[in-house]
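Participant: Below you'll find the structure I mean.
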Amino acid sequence: MKKLTFAISILLLIIALLFVMDRLLHAQARKAIPKDVCINNLRYIDGAKQLWALENKKPTNSVPSEKEILPYMGRNIQKFSSCPLGGKYSLNAVWQAPTCTVTNHVLP
Ligand SMILES: [Zn+2]
């Protein structure tokens, strides 16, 4: 009987450890997401900026306004609602990538 109780205790301990490891791994995965979301937003904004410049024959040093590139965002207008970590976007000139004020939220 004692052996069985000991075996069950060890089994419960292993299950508890697996549960804790799973929670920790999920917490780490969640941390990585806002940065990816932001970089994806920057990618959409950059694409809209390029389309705006091409269609309106703008030189590469021109800086569009948010209003000017909105029509080129298509279904991704909500991407302008900015960075999930509260950073602010700068559209920058056509030849430059748009940027976020949060460190390391940079288009590759
Ligand atoms: Zn950001």
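Residue numbers start at 1 in each chain; chains themselves are named A, B, ... in the order of the structure tokens; ligands are numbered from 1 in the order shown.
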Would you return as a ChimeraX atom specification the members of stretch 31-89 of chain A that DSSP assigns to helix (DSSP H, G or I) on this structure's backbone?

Facilitator: /A:31-55,66-72,74-81

Participant: Using the selection just defined, write its residues with C-alpha atoms as a CSV table (one decimal), in the first residue's frame.

Facilitator:
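Listing of result_20.csv after writing:
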```
chain,number,residue,atom,x,y,z
A,31,LYS,CA,5.6,37.9,-25.0
A,32,ALA,CA,6.9,37.5,-28.6
A,33,ILE,CA,3.6,38.2,-30.2
A,34,PRO,CA,3.2,42.1,-29.8
A,35,LYS,CA,6.5,42.7,-31.6
A,36,ASP,CA,5.5,40.5,-34.5
A,37,VAL,CA,2.1,42.2,-34.7
A,38,CYS,CA,3.9,45.6,-34.8
A,39,ILE,CA,6.4,44.6,-37.5
A,40,ASN,CA,3.5,43.2,-39.5
A,41,ASN,CA,1.7,46.6,-39.2
A,42,LEU,CA,4.9,48.3,-40.4
A,43,ARG,CA,5.0,46.0,-43.4
A,44,TYR,CA,1.4,46.9,-44.4
A,45,ILE,CA,2.1,50.6,-43.9
A,46,ASP,CA,5.3,50.4,-46.0
A,47,GLY,CA,3.4,48.6,-48.8
A,48,ALA,CA,0.6,51.3,-48.7
A,49,LYS,CA,3.3,54.0,-48.9
A,50,GLN,CA,5.0,52.4,-51.9
A,51,LEU,CA,1.6,52.1,-53.7
A,52,TRP,CA,0.8,55.7,-52.9
A,53,ALA,CA,4.1,56.9,-54.3
A,54,LEU,CA,3.8,54.8,-57.4
A,55,GLU,CA,0.2,55.8,-58.2
A,66,GLU,CA,-1.7,59.1,-42.8
A,67,LYS,CA,-4.8,60.3,-44.6
A,68,GLU,CA,-3.1,60.0,-48.0
A,69,ILE,CA,-2.1,56.3,-47.6
A,70,LEU,CA,-5.3,55.1,-45.9
A,71,PRO,CA,-6.9,54.3,-49.3
A,72,TYR,CA,-4.0,52.0,-50.0
A,74,GLY,CA,-7.3,48.1,-48.1
A,75,ARG,CA,-8.8,45.9,-45.4
A,76,ASN,CA,-5.8,46.7,-43.1
A,77,ILE,CA,-6.9,50.1,-42.0
A,78,GLN,CA,-6.9,49.0,-38.3
A,79,LYS,CA,-3.1,48.5,-38.7
A,80,PHE,CA,-2.9,52.3,-38.2
A,81,SER,CA,-4.4,51.9,-34.7
```

Participant: Select from chain A everything DSSP, run on the backbone, classes as strand (DSSP E or B), then give the selection as a PyMOL selection string.

Facilitator: chain A and resi 89-90+99-100

Participant: So how many Å separate atom CA of A:Pro108 and atom CA of A:Pro64, to one decimal?

Facilitator: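 Interatomic distance, atom CA of A:Pro108 to atom CA of A:Pro64: 21.3 Å.
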
Participant: A:Ala93: which residues within 9 Å, counting only C-alpha atoms, same-chain residues fewer than 5 positions away excluded, as a list in words?

Facilitator: Lys49, Thr60, Asn61, Ser62, Val63, Pro64 and Pro98 of chain A

Participant: Write out the residues from the selection above, keeping N, CA and C atoms, as an mmCIF file, in the first residue's frame.

Facilitator:
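Contents of part-v1.cif, freshly written:
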```
data_model
loop_
_atom_site.group_PDB
_atom_site.id
_atom_site.type_symbol
_atom_site.label_atom_id
_atom_site.label_comp_id
_atom_site.auth_asym_id
_atom_site.auth_seq_id
_atom_site.Cartn_x
_atom_site.Cartn_y
_atom_site.Cartn_z
ATOM 1 N N LYS A 49 2.454 52.827 -48.522
ATOM 2 C CA LYS A 49 3.271 53.994 -48.866
ATOM 3 C C LYS A 49 3.860 53.857 -50.274
ATOM 4 N N THR A 60 10.982 59.841 -54.232
ATOM 5 C CA THR A 60 11.266 58.968 -53.088
ATOM 6 C C THR A 60 11.504 59.734 -51.779
ATOM 7 N N ASN A 61 11.737 61.051 -51.885
ATOM 8 C CA ASN A 61 11.952 61.807 -50.647
ATOM 9 C C ASN A 61 10.660 62.418 -50.091
ATOM 10 N N SER A 62 9.519 62.162 -50.751
ATOM 11 C CA SER A 62 8.264 62.729 -50.244
ATOM 12 C C SER A 62 7.728 61.886 -49.088
ATOM 13 N N VAL A 63 7.079 62.580 -48.145
ATOM 14 C CA VAL A 63 6.529 61.918 -46.959
ATOM 15 C C VAL A 63 4.999 62.000 -47.027
ATOM 16 N N PRO A 64 4.329 60.856 -47.124
ATOM 17 C CA PRO A 64 2.872 60.890 -47.189
ATOM 18 C C PRO A 64 2.266 61.157 -45.807
ATOM 19 N N PRO A 98 8.897 52.704 -42.580
ATOM 20 C CA PRO A 98 8.188 53.326 -41.461
ATOM 21 C C PRO A 98 8.754 52.782 -40.143
#
```
